[in-house]
file protein.csv (CSV, C-alpha atoms and all ligand atoms)
chain,number,residue,atom,x,y,z
A,1,MET,CA,0.0,0.0,0.0
A,2,ILE,CA,1.3,3.4,-0.9
A,3,ASN,CA,1.2,5.9,1.9
A,4,PHE,CA,-0.2,8.9,0.0
A,5,LYS,CA,-0.4,11.1,3.1
A,6,ASP,CA,3.3,10.8,3.8
A,7,LEU,CA,4.1,11.4,0.1
A,8,ALA,CA,2.0,14.5,0.0
A,9,LYS,CA,3.7,15.8,3.1
A,10,GLU,CA,7.2,15.2,1.8
A,11,TYR,CA,6.7,16.2,-1.9
A,12,LYS,CA,3.8,18.6,-1.6
A,13,THR,CA,0.8,18.8,-4.0
A,14,PRO,CA,-0.3,18.7,-6.7
A,15,LEU,CA,1.8,15.5,-7.3
A,16,TYR,CA,1.9,12.6,-9.6
A,17,VAL,CA,2.8,9.2,-8.1
A,18,TYR,CA,3.7,6.2,-10.3
A,19,ASP,CA,4.0,2.6,-9.2
A,20,LEU,CA,6.6,1.1,-11.5
A,21,ASP,CA,6.1,-2.4,-10.2
A,22,TYR,CA,2.5,-2.3,-11.4
A,23,MET,CA,3.7,-1.1,-14.8
A,24,SER,CA,6.1,-4.1,-14.9
A,25,SER,CA,3.3,-6.6,-14.1
A,26,GLN,CA,1.1,-5.1,-16.8
A,27,TYR,CA,4.0,-5.3,-19.3
A,28,SER,CA,4.6,-9.0,-18.4
A,29,GLU,CA,1.0,-10.0,-18.6
A,30,LEU,CA,0.7,-8.6,-22.2
A,31,LYS,CA,4.0,-9.9,-23.3
A,32,GLU,CA,3.1,-13.3,-21.9
A,33,ALA,CA,-0.2,-13.3,-23.9
A,34,PHE,CA,1.7,-13.4,-27.2
A,35,LYS,CA,4.2,-16.1,-26.2
A,36,GLY,CA,4.9,-18.7,-28.8
A,37,ARG,CA,4.9,-15.9,-31.4
A,38,LYS,CA,7.5,-13.4,-32.3
A,39,SER,CA,6.3,-10.2,-30.7
A,40,LEU,CA,7.4,-6.7,-29.9
A,41,LEU,CA,5.7,-4.5,-27.4
A,42,ALA,CA,6.4,-0.9,-28.3
A,43,TYR,CA,5.3,1.3,-25.5
A,44,ALA,CA,3.3,4.3,-26.7
A,45,VAL,CA,5.5,7.1,-25.3
A,46,LYS,CA,2.7,9.7,-25.4
A,47,ALA,CA,0.8,8.0,-22.6
A,48,ASN,CA,3.4,9.0,-20.1
A,49,SER,CA,6.6,10.3,-21.6
A,50,ASN,CA,8.8,10.8,-18.5
A,51,LEU,CA,12.3,9.5,-19.3
A,52,SER,CA,12.3,7.3,-16.2
A,53,ILE,CA,9.1,5.7,-17.3
A,54,VAL,CA,10.3,5.1,-20.9
A,55,LYS,CA,13.6,3.7,-19.5
A,56,HIS,CA,11.7,1.5,-17.1
A,57,PHE,CA,9.9,-0.1,-20.1
A,58,ALA,CA,13.1,-0.2,-22.2
A,59,ASP,CA,14.8,-2.2,-19.3
A,60,LEU,CA,11.9,-4.7,-19.6
A,61,GLY,CA,12.7,-5.1,-23.3
A,62,SER,CA,10.1,-2.8,-24.6
A,63,GLY,CA,10.4,-0.8,-27.8
A,64,ALA,CA,8.8,2.7,-28.3
A,65,ASP,CA,6.0,3.9,-30.4
A,66,CYS,CA,6.6,7.7,-31.0
A,67,VAL,CA,4.4,10.4,-32.5
A,68,SER,CA,7.0,13.1,-32.8
A,69,ILE,CA,10.7,13.3,-33.3
A,70,GLY,CA,10.8,14.6,-29.7
A,71,GLU,CA,9.4,11.3,-28.5
A,72,VAL,CA,11.9,9.5,-30.7
A,73,ARG,CA,14.7,11.4,-29.0
A,74,ARG,CA,13.2,10.5,-25.6
A,75,ALA,CA,13.2,6.8,-26.6
A,76,PHE,CA,16.9,7.0,-27.6
A,77,LEU,CA,17.8,8.8,-24.4
A,78,ALA,CA,16.0,6.2,-22.4
A,79,GLY,CA,18.0,3.5,-24.0
A,80,VAL,CA,15.5,2.0,-26.4
A,81,PRO,CA,17.5,0.4,-29.3
A,82,HIS,CA,17.0,1.9,-32.8
A,83,TYR,CA,15.5,-1.3,-34.1
A,84,LYS,CA,12.7,-1.2,-31.6
A,85,ILE,CA,11.6,2.4,-32.3
A,86,ILE,CA,8.5,3.2,-34.5
A,87,PHE,CA,7.5,6.7,-35.7
A,88,SER,CA,3.8,7.1,-36.2
A,89,GLY,CA,1.5,10.1,-36.6
A,90,VAL,CA,-0.6,11.9,-39.1
A,91,GLY,CA,1.6,14.9,-39.7
A,92,LYS,CA,5.4,14.5,-39.8
A,93,SER,CA,7.6,17.4,-40.9
A,94,ASP,CA,10.5,17.0,-43.4
A,95,ASP,CA,13.0,17.5,-40.6
A,96,GLU,CA,11.3,14.8,-38.5
A,97,ILE,CA,11.3,12.4,-41.4
A,98,ARG,CA,14.9,13.1,-42.1
A,99,GLU,CA,16.0,12.5,-38.6
A,100,ALA,CA,14.0,9.3,-38.3
A,101,ILE,CA,15.6,8.0,-41.5
A,102,GLU,CA,19.1,8.9,-40.3
A,103,SER,CA,18.4,7.3,-37.0
A,104,ASP,CA,17.7,4.0,-38.7
A,105,ILE,CA,14.6,3.2,-36.6
A,106,LEU,CA,12.6,0.1,-37.1
A,107,TYR,CA,10.1,1.8,-39.5
A,108,ILE,CA,8.0,4.9,-40.1
A,109,ASN,CA,4.3,4.4,-39.9
A,110,VAL,CA,3.0,6.2,-43.0
A,111,GLU,CA,-0.5,7.7,-42.9
A,112,SER,CA,-1.1,9.1,-46.4
A,113,GLU,CA,0.0,8.9,-50.0
A,114,ALA,CA,1.4,12.4,-49.8
A,115,GLU,CA,3.5,11.4,-46.8
A,116,LEU,CA,4.8,8.4,-48.6
A,117,GLY,CA,5.9,10.7,-51.4
A,118,ARG,CA,7.8,12.9,-48.9
A,119,VAL,CA,9.4,10.0,-47.2
A,120,GLU,CA,10.6,8.6,-50.5
A,121,LEU,CA,12.0,12.0,-51.6
A,122,ILE,CA,13.8,12.5,-48.4
A,123,ALA,CA,15.2,9.0,-48.3
A,124,LYS,CA,16.5,9.6,-51.9
A,125,GLU,CA,18.1,12.9,-50.9
A,126,LEU,CA,19.9,11.0,-48.1
A,127,ASN,CA,20.7,8.1,-50.3
A,128,ARG,CA,19.1,5.7,-47.9
A,129,VAL,CA,16.4,3.0,-47.9
A,130,CYS,CA,13.6,3.7,-45.4
A,131,ARG,CA,11.6,0.9,-43.9
A,132,ILE,CA,8.0,1.8,-43.8
A,133,SER,CA,4.7,0.4,-42.6
A,134,ILE,CA,1.3,1.8,-43.7
A,135,ARG,CA,-1.5,2.7,-41.3
A,136,VAL,CA,-4.7,1.2,-42.6
A,137,ASN,CA,-8.0,2.6,-41.5
A,138,PRO,CA,-10.3,-0.4,-41.6
A,139,ASN,CA,-13.5,1.7,-41.1
A,140,ILE,CA,-14.6,-0.1,-38.0
A,141,ASP,CA,-16.4,1.6,-35.2
A,142,PRO,CA,-14.4,0.8,-32.1
A,143,LYS,CA,-17.3,1.9,-29.8
A,144,THR,CA,-15.3,4.2,-27.6
A,145,HIS,CA,-15.3,8.0,-27.0
A,146,PRO,CA,-15.4,9.8,-30.4
A,147,TYR,CA,-12.3,11.9,-29.4
A,148,ILE,CA,-10.3,8.7,-29.0
A,149,SER,CA,-11.8,6.8,-31.9
A,150,THR,CA,-9.5,6.6,-34.9
A,151,GLY,CA,-10.5,3.8,-37.1
A,152,LEU,CA,-13.4,5.3,-39.0
A,153,HIS,CA,-13.2,6.9,-42.5
A,154,ASP,CA,-14.4,10.2,-41.2
A,155,ASN,CA,-11.4,10.7,-38.9
A,156,LYS,CA,-8.0,11.8,-40.0
A,157,PHE,CA,-6.0,8.7,-39.3
A,158,GLY,CA,-4.6,6.1,-41.8
A,159,VAL,CA,-5.7,5.3,-45.4
A,160,ASP,CA,-8.4,3.0,-46.8
A,161,ILE,CA,-7.6,-0.5,-48.0
A,162,ASN,CA,-7.4,0.4,-51.7
A,163,SER,CA,-5.1,3.3,-51.2
A,164,ALA,CA,-3.0,1.1,-48.9
A,165,LYS,CA,-2.6,-1.4,-51.7
A,166,ARG,CA,-1.6,1.2,-54.2
A,167,MET,CA,0.9,2.6,-51.7
A,168,TYR,CA,2.5,-0.8,-51.1
A,169,ILE,CA,3.0,-1.3,-54.8
A,170,PHE,CA,4.5,2.1,-55.1
A,171,ALA,CA,6.8,1.5,-52.1
A,172,ASN,CA,7.8,-1.9,-53.4
A,173,ASN,CA,8.9,-0.4,-56.7
A,174,SER,CA,10.9,2.3,-55.1
A,175,ALA,CA,14.6,2.0,-54.6
A,176,HIS,CA,14.4,4.1,-51.4
A,177,LEU,CA,11.4,2.5,-49.7
A,178,ASP,CA,11.2,-0.9,-48.0
A,179,PRO,CA,7.7,-1.9,-47.0
A,180,VAL,CA,8.1,-4.1,-44.0
A,181,GLY,CA,5.0,-3.7,-42.0
A,182,ILE,CA,1.3,-3.0,-41.8
A,183,HIS,CA,-0.4,-1.0,-39.1
A,184,PHE,CA,-3.8,-0.3,-37.7
A,185,HIS,CA,-4.9,1.5,-34.5
A,186,ILE,CA,-8.7,1.9,-34.3
A,187,GLY,CA,-9.0,3.9,-31.0
A,188,SER,CA,-8.2,4.0,-27.4
A,189,GLN,CA,-9.8,2.6,-24.3
A,190,LEU,CA,-11.2,-0.3,-26.2
A,191,THR,CA,-13.3,-2.6,-24.2
A,192,GLU,CA,-14.9,-4.7,-27.0
A,193,LEU,CA,-13.0,-7.4,-28.8
A,194,GLY,CA,-15.3,-7.6,-31.8
A,195,PRO,CA,-14.1,-4.4,-33.6
A,196,ILE,CA,-10.4,-5.4,-33.0
A,197,ARG,CA,-11.0,-8.9,-34.4
A,198,GLU,CA,-12.8,-7.5,-37.4
A,199,SER,CA,-10.1,-4.9,-38.1
A,200,ALA,CA,-7.4,-7.5,-37.8
A,201,GLU,CA,-9.2,-9.7,-40.2
A,202,ILE,CA,-9.5,-6.9,-42.8
A,203,VAL,CA,-5.8,-6.1,-42.4
A,204,ALA,CA,-4.7,-9.7,-42.5
A,205,ASP,CA,-6.6,-10.2,-45.7
A,206,LEU,CA,-4.7,-7.3,-47.2
A,207,VAL,CA,-1.5,-8.9,-46.1
A,208,ARG,CA,-2.4,-12.2,-47.9
A,209,SER,CA,-3.4,-10.3,-51.0
A,210,LEU,CA,-0.1,-8.4,-51.1
A,211,SER,CA,1.7,-11.7,-50.6
A,212,THR,CA,0.2,-13.0,-53.9
A,213,ILE,CA,2.0,-10.2,-55.7
A,214,LYS,CA,5.2,-10.9,-53.9
A,215,ILE,CA,5.0,-8.1,-51.3
A,216,ASP,CA,5.8,-10.0,-48.1
A,217,LEU,CA,5.4,-8.0,-44.9
A,218,LYS,CA,7.1,-8.9,-41.7
A,219,PHE,CA,5.5,-6.8,-39.0
A,220,PHE,CA,1.8,-7.0,-38.1
A,221,ASP,CA,1.3,-3.9,-36.0
A,222,ILE,CA,-1.9,-3.9,-34.1
A,223,GLY,CA,-1.5,-0.5,-32.5
A,224,GLY,CA,-2.5,0.1,-28.9
A,225,GLY,CA,-5.9,0.9,-27.5
A,226,LEU,CA,-6.4,-1.9,-24.9
A,227,GLY,CA,-8.8,-0.4,-22.3
A,228,VAL,CA,-8.5,-0.3,-18.6
A,229,GLN,CA,-10.9,-0.1,-15.7
A,230,TYR,CA,-11.6,3.5,-14.6
A,231,LYS,CA,-14.9,2.8,-13.0
A,232,ASN,CA,-16.7,-0.5,-13.7
A,233,GLU,CA,-15.8,-1.2,-17.3
A,234,VAL,CA,-15.4,-4.8,-18.2
A,235,THR,CA,-12.0,-4.9,-19.9
A,236,ILE,CA,-10.5,-7.2,-22.5
A,237,LYS,CA,-8.1,-9.8,-21.1
A,238,PRO,CA,-4.7,-9.7,-22.7
A,239,TYR,CA,-4.9,-13.5,-23.4
A,240,ASP,CA,-8.2,-13.1,-25.3
A,241,TYR,CA,-6.9,-10.1,-27.1
A,242,ALA,CA,-3.8,-12.0,-28.3
A,243,GLN,CA,-5.9,-15.1,-29.3
A,244,ALA,CA,-8.3,-12.9,-31.3
A,245,ILE,CA,-5.4,-11.3,-33.2
A,246,LEU,CA,-3.5,-14.6,-33.7
A,247,GLY,CA,-6.7,-16.2,-35.0
A,248,THR,CA,-6.8,-13.9,-38.0
A,249,LEU,CA,-3.2,-14.6,-39.0
A,250,ASN,CA,-3.5,-18.3,-39.7
A,251,ALA,CA,-0.4,-19.4,-41.5
A,252,LEU,CA,1.1,-15.9,-41.8
A,253,ASP,CA,4.5,-15.9,-40.2
A,254,MET,CA,4.8,-12.3,-39.0
A,255,THR,CA,6.1,-10.5,-35.9
A,256,ILE,CA,3.2,-9.0,-33.9
A,257,VAL,CA,3.9,-5.5,-32.9
A,258,CYS,CA,1.7,-4.0,-30.2
A,259,GLU,CA,1.8,-0.4,-29.0
A,260,PRO,CA,0.2,-0.2,-25.6
A,261,GLY,CA,0.1,3.0,-23.7
A,262,ARG,CA,-2.9,3.3,-21.3
A,263,PHE,CA,-2.9,-0.4,-20.5
A,264,LEU,CA,0.7,-0.2,-19.1
A,265,THR,CA,0.5,3.0,-17.2
A,266,ALA,CA,-3.0,4.3,-16.4
A,267,ASN,CA,-3.7,2.4,-13.3
A,268,ALA,CA,-0.2,2.7,-12.1
A,269,GLY,CA,-0.6,6.4,-11.6
A,270,TYR,CA,-2.2,8.6,-9.0
A,271,PHE,CA,-2.7,12.3,-8.9
A,272,LEU,CA,-2.6,13.8,-5.4
A,273,THR,CA,-4.3,17.1,-4.7
A,274,LYS,CA,-5.2,19.0,-1.5
A,275,VAL,CA,-8.4,20.6,-0.5
A,276,LEU,CA,-8.2,24.3,-0.3
A,277,TYR,CA,-11.8,24.8,0.9
A,278,GLU,CA,-15.4,24.0,0.3
A,279,LYS,CA,-17.9,26.5,-1.0
A,280,HIS,CA,-21.6,26.4,-1.7
A,281,ASN,CA,-23.4,28.3,-4.4
A,282,GLY,CA,-27.1,27.9,-3.7
A,283,GLN,CA,-27.7,24.2,-3.6
A,284,LYS,CA,-24.5,23.4,-5.3
A,285,ARG,CA,-21.5,22.1,-3.3
A,286,PHE,CA,-17.9,22.6,-4.6
A,287,VAL,CA,-14.7,21.2,-3.3
A,288,VAL,CA,-11.9,23.5,-4.4
A,289,VAL,CA,-8.6,21.8,-4.7
A,290,ASP,CA,-5.0,22.8,-5.6
A,291,GLY,CA,-4.9,20.6,-8.7
A,292,ALA,CA,-6.6,21.6,-11.9
A,293,MET,CA,-7.3,21.0,-15.5
A,294,ASN,CA,-3.8,22.1,-16.4
A,295,ASP,CA,-2.5,19.1,-14.4
A,296,LEU,CA,-5.1,16.5,-15.4
A,297,ILE,CA,-7.3,17.5,-18.4
A,298,ARG,CA,-9.1,14.2,-19.1
A,299,PRO,CA,-12.2,15.1,-17.1
A,300,SER,CA,-12.5,18.5,-18.9
A,301,LEU,CA,-11.6,17.1,-22.3
A,302,TYR,CA,-13.4,13.8,-22.4
A,303,ASN,CA,-15.7,14.1,-19.4
A,304,ALA,CA,-13.6,11.2,-18.2
A,305,TYR,CA,-14.3,9.5,-14.9
A,306,HIS,CA,-11.5,9.2,-12.3
A,307,LYS,CA,-12.1,7.5,-9.0
A,308,ILE,CA,-11.4,9.9,-6.1
A,309,GLU,CA,-10.4,8.7,-2.7
A,310,ALA,CA,-10.6,11.2,0.2
A,311,ILE,CA,-8.1,10.9,3.0
A,312,THR,CA,-9.8,12.7,5.8
A,313,GLU,CA,-10.8,12.4,9.5
A,314,SER,CA,-14.3,13.6,8.6
A,315,LYS,CA,-17.0,11.2,9.7
A,316,GLU,CA,-19.9,13.1,8.1
A,317,VAL,CA,-22.2,11.5,5.6
A,318,GLU,CA,-21.2,11.9,2.0
A,319,THR,CA,-23.0,14.3,-0.3
A,320,LEU,CA,-22.5,15.1,-3.9
A,321,ALA,CA,-19.9,17.7,-4.9
A,322,ASP,CA,-18.0,19.0,-7.9
A,323,VAL,CA,-14.3,18.8,-7.4
A,324,VAL,CA,-12.9,21.9,-9.1
A,325,GLY,CA,-9.5,23.6,-9.5
A,326,PRO,CA,-8.3,27.2,-9.4
A,327,VAL,CA,-8.1,27.7,-13.2
A,328,CYS,CA,-10.3,30.4,-14.6
A,329,GLU,CA,-12.5,28.1,-16.8
A,330,SER,CA,-15.9,26.6,-16.0
A,331,GLY,CA,-14.6,23.4,-17.6
A,332,ASP,CA,-11.9,23.1,-14.9
A,333,PHE,CA,-13.1,20.2,-12.8
A,334,LEU,CA,-11.7,16.8,-11.8
A,335,ALA,CA,-15.1,15.3,-11.0
A,336,LYS,CA,-18.8,16.3,-11.2
A,337,ASN,CA,-21.5,15.2,-8.7
A,338,TYR,CA,-19.1,13.0,-6.8
A,339,SER,CA,-20.0,11.6,-3.5
A,340,LEU,CA,-17.6,12.9,-0.8
A,341,PRO,CA,-17.6,13.5,2.9
A,342,LYS,CA,-17.4,17.0,4.2
A,343,LEU,CA,-13.8,18.0,3.7
A,344,GLU,CA,-11.4,20.3,5.6
A,345,HIS,CA,-8.5,22.5,4.5
A,346,ASN,CA,-5.5,20.3,3.7
A,347,ASP,CA,-7.5,17.0,3.4
A,348,LEU,CA,-6.0,14.9,0.6
A,349,LEU,CA,-7.7,13.6,-2.5
A,350,VAL,CA,-6.2,10.8,-4.4
A,351,VAL,CA,-7.3,10.8,-8.0
A,352,HIS,CA,-6.9,7.2,-9.4
A,353,SER,CA,-6.0,5.9,-12.9
A,354,ALA,CA,-3.9,9.1,-13.6
A,355,GLY,CA,-0.8,7.4,-15.0
A,356,ALA,CA,-1.8,7.7,-18.7
A,357,TYR,CA,-2.6,11.0,-20.5
A,358,GLY,CA,-2.2,12.8,-17.2
A,359,PHE,CA,1.0,14.8,-16.7
A,360,GLY,CA,1.8,14.6,-20.4
A,361,MET,CA,-1.3,16.5,-21.4
A,362,GLY,CA,-0.6,19.1,-18.8
A,363,SER,CA,0.0,22.8,-19.6
A,364,ASN,CA,1.1,26.0,-17.9
A,365,TYR,CA,-2.2,27.7,-18.4
A,366,ASN,CA,-2.8,30.4,-15.8
A,367,THR,CA,1.0,30.4,-15.2
A,368,ARG,CA,0.8,27.3,-13.1
A,369,GLY,CA,3.9,25.3,-12.8
A,370,ARG,CA,3.4,21.6,-13.6
A,371,SER,CA,3.3,19.1,-10.8
A,372,ALA,CA,6.3,17.1,-9.6
A,373,GLU,CA,6.4,13.4,-10.6
A,374,ILE,CA,7.6,10.7,-8.3
A,375,ALA,CA,8.0,7.0,-8.9
A,376,ILE,CA,8.1,4.0,-6.6
A,377,LYS,CA,9.9,0.7,-7.3
A,378,GLY,CA,10.4,-2.0,-4.7
A,379,GLY,CA,9.4,0.4,-2.0
A,380,VAL,CA,12.0,3.0,-3.0
A,381,VAL,CA,10.7,6.5,-3.9
A,382,LYS,CA,12.4,8.8,-6.4
A,383,VAL,CA,11.6,12.2,-7.8
A,384,ILE,CA,11.5,11.7,-11.6
A,385,ARG,CA,10.6,15.3,-12.4
A,386,LYS,CA,10.9,18.3,-10.2
A,387,ARG,CA,8.0,20.7,-9.7
A,388,GLU,CA,8.2,23.5,-12.1
A,389,SER,CA,9.1,26.9,-10.6
A,390,PHE,CA,8.1,30.3,-11.7
A,391,GLU,CA,11.6,30.8,-13.2
A,392,ASP,CA,11.2,27.7,-15.3
A,393,LEU,CA,7.9,29.0,-16.7
A,394,ILE,CA,9.4,32.3,-17.9
A,395,ALA,CA,12.9,31.0,-18.8
A,396,LEU,CA,12.3,31.2,-22.6
A,397,GLU,CA,10.6,34.6,-22.7
A,398,ARG,CA,12.4,37.7,-23.9
A,399,GLU,CA,11.7,41.4,-23.6
A,400,PHE,CA,10.5,43.0,-26.8
A,401,LEU,CA,13.3,45.4,-27.7
A,402,ASN,CA,12.9,48.2,-30.2
B,1,LIG,C1,-2.1,6.7,-29.0
B,1,LIG,C2,-1.6,5.6,-29.8
B,1,LIG,C3,-1.3,4.4,-29.1
B,1,LIG,C4,-1.5,4.1,-27.7
B,1,LIG,O1,-2.9,4.1,-27.4
B,1,LIG,P1,-3.4,3.5,-26.0
B,1,LIG,O2,-4.8,3.7,-26.0
B,1,LIG,O3,-2.8,4.4,-24.9
B,1,LIG,O4,-2.9,2.1,-25.8
B,1,LIG,C5,-0.7,3.4,-29.9
B,1,LIG,N1,-0.5,3.6,-31.3
B,1,LIG,C6,-0.8,4.7,-31.9
B,1,LIG,C7,-0.5,4.9,-33.3
B,1,LIG,C8,-1.4,5.8,-31.2
B,1,LIG,O5,-1.7,6.9,-31.8
call {"tool": "encode", "arguments": {"input": "protein.csv", "output": "structure tokens"}}
result
Amino acid sequence: MINFKDLAKEYKTPLYVYDLDYMSSQYSELKEAFKGRKSLLAYAVKANSNLSIVKHFADLGSGADCVSIGEVRRAFLAGVPHYKIIFSGVGKSDDEIREAIESDILYINVESEAELGRVELIAKELNRVCRISIRVNPNIDPKTHPYISTGLHDNKFGVDINSAKRMYIFANNSAHLDPVGIHFHIGSQLTELGPIRESAEIVADLVRSLSTIKIDLKFFDIGGGLGVQYKNEVTIKPYDYAQAILGTLNALDMTIVCEPGRFLTANAGYFLTKVLYEKHNGQKRFVVVDGAMNDLIRPSLYNAYHKIEAITESKEVETLADVVGPVCESGDFLAKNYSLPKLEHNDLLVVHSAGAYGFGMGSNYNTRGRSAEIAIKGGVVKVIRKRESFEDLIALEREFLN
């Protein structure tokens, strides 16, 4: 059990706390599910990009799925070998593509015909051969929140099957492109296996059809998206997930690449915030805390639910309250209509499931320094990112000089 009260006292709030041992067990469970097959878990760095977290996964043997060259650099710094790094994302700049090619990463996940053209041109300029994979959009409804759904034709990710086929033929004929993989990622926080299986089937069929024209792909990249329990969701078991995927491959001898983010880190993280005071506006009860949407934006952005545990001496019955931060936006809340006992100044709230898309989506809005991050492994506590100071926030600003 983590002693949140002691941690809050020592490291102050707002504070992110990560349980690295929990991350390890999630990693092992997923890796184990694919045993008997060649597989690579490439941690989706955007879920929690702290260098110590990326390094933790690198030490377990993980690769890295990156969506900017900044994330690629993080992966290298954290010790992920170049042959385990993937560069995905719908809009890559020429500089990013150039650096990715020069770094000799495993492959670039290409998301459009135009991008494929840029990648070829840049590879040619560098006189290199670039390994690529194409992100296919199987047009399957993943049945998750629309903001985190990515596998339908009306969103910006990937290309349809026919375009993908054309692109593979183009890449195969190019002296500067080496098509090695195929990729799909239909959304995040997936809790239904059906859409994943259907997508995998569509993509596996494309692989077989390419194989008949002598384009043999090596990596079957199933993206990330495995959901976790925030409230009472029934989640997909890694074993069932792996079986569903493997069932679509039949005789295809490919390496499975999986890009989990949330699954590995969400429930390993806690966000600690202190009560400043309570206030009542008419019938409405508010608990005002020192953490805000600039620290954890998921409630504001997706109306996401996070379990909140109150650490208090209060014995009064629970009533409904909105938990709100100090930021000047009505959308600044961590919970709405949440049942909590009466709280006092300095009582601690532990916001659960905050290890994915928490700190990384943070900002400095309202000139608020971002929280410190600490990690625990085998009972040892370390600061893995210092709290931002006012000086940190203004360090890059310059006076306008005439
Ligand atoms: C965001 C993303 C992931 C990780 O998604 P999770 O839901 O956190 O597992 C993996 N691959 C790609 C291409 C992504 O964009």
call {"tool": "closest_residue", "arguments": {"input": "protein.csv", "among": "A:Gly223, A:Pro142, A:Pro81, A:Gly369", "to": "ligand LIG 1 (chain B)", "atoms": "only C-alpha atoms and all ligand atoms"}}
result
A:Gly223
call {"tool": "residues_around", "arguments": {"input": "protein.csv", "residues": "A:Glu120", "least_positions_apart": "4", "cutoff": "9 Å", "atoms": "only C-alpha atoms", "output": "VMD selection string"}}
result
chain A and resid 115 to 116 124 to 125 129 to 130 171 174 to 177
call {"tool": "write_last_selection", "arguments": {"input": "protein.csv", "atoms": "C-alpha atoms", "output": "short mmCIF file (atom, residue, chain, number, x, y, z; two decimals), in the frame of the given file"}}
result
data_model
loop_
_atom_site.label_atom_id
_atom_site.label_comp_id
_atom_site.auth_asym_id
_atom_site.auth_seq_id
_atom_site.Cartn_x
_atom_site.Cartn_y
_atom_site.Cartn_z
CA GLU A 115 3.50 11.40 -46.80
CA LEU A 116 4.80 8.40 -48.60
CA LYS A 124 16.50 9.60 -51.90
CA GLU A 125 18.10 12.90 -50.90
CA VAL A 129 16.40 3.00 -47.90
CA CYS A 130 13.60 3.70 -45.40
CA ALA A 171 6.80 1.50 -52.10
CA SER A 174 10.90 2.30 -55.10
CA ALA A 175 14.60 2.00 -54.60
CA HIS A 176 14.40 4.10 -51.40
CA LEU A 177 11.40 2.50 -49.70
#
call {"tool": "closest_atom_pairs", "arguments": {"input": "protein.csv", "of": "chain A", "to": "ligand LIG 1 (chain B)", "cutoff": "6 Å", "atoms": "only C-alpha atoms and all ligand atoms", "output": "JSON lines"}}
result
{"residue": "A:Ala44", "atom": "CA", "partner": "B:LIG1", "partner_atom": "C4", "distance": 4.9}
{"residue": "A:Ala47", "atom": "CA", "partner": "B:LIG1", "partner_atom": "O3", "distance": 5.6}
{"residue": "A:Ser88", "atom": "CA", "partner": "B:LIG1", "partner_atom": "C7", "distance": 5.6}
{"residue": "A:His185", "atom": "CA", "partner": "B:LIG1", "partner_atom": "C7", "distance": 5.7}
{"residue": "A:Ser188", "atom": "CA", "partner": "B:LIG1", "partner_atom": "O2", "distance": 3.7}
{"residue": "A:Gln189", "atom": "CA", "partner": "B:LIG1", "partner_atom": "O2", "distance": 5.4}
{"residue": "A:Gly223", "atom": "CA", "partner": "B:LIG1", "partner_atom": "N1", "distance": 4.4}
{"residue": "A:Gly224", "atom": "CA", "partner": "B:LIG1", "partner_atom": "O4", "distance": 3.7}
{"residue": "A:Gly225", "atom": "CA", "partner": "B:LIG1", "partner_atom": "O2", "distance": 3.4}
{"residue": "A:Leu226", "atom": "CA", "partner": "B:LIG1", "partner_atom": "O4", "distance": 5.4}
{"residue": "A:Glu259", "atom": "CA", "partner": "B:LIG1", "partner_atom": "C5", "distance": 4.6}
{"residue": "A:Pro260", "atom": "CA", "partner": "B:LIG1", "partner_atom": "O4", "distance": 3.9}
{"residue": "A:Gly261", "atom": "CA", "partner": "B:LIG1", "partner_atom": "O3", "distance": 3.4}
{"residue": "A:Arg262", "atom": "CA", "partner": "B:LIG1", "partner_atom": "O3", "distance": 3.8}
{"residue": "A:Phe263", "atom": "CA", "partner": "B:LIG1", "partner_atom": "O4", "distance": 5.9}
call {"tool": "residues_around", "arguments": {"input": "protein.csv", "residues": "A:Lys274", "least_positions_apart": "2", "cutoff": "12 Å", "atoms": "all atoms listed in the file", "output": "ChimeraX atom specification"}}
result
/A:4-5,8-9,12-15,271-272,276-278,287-292,308-312,323-326,343-351
call {"tool": "closest_residue", "arguments": {"input": "protein.csv", "among": "A:Tyr270, A:Phe333, A:Thr265, A:Ala375", "to": "A:Ile297", "atoms": "only C-alpha atoms"}}
result
A:Phe333
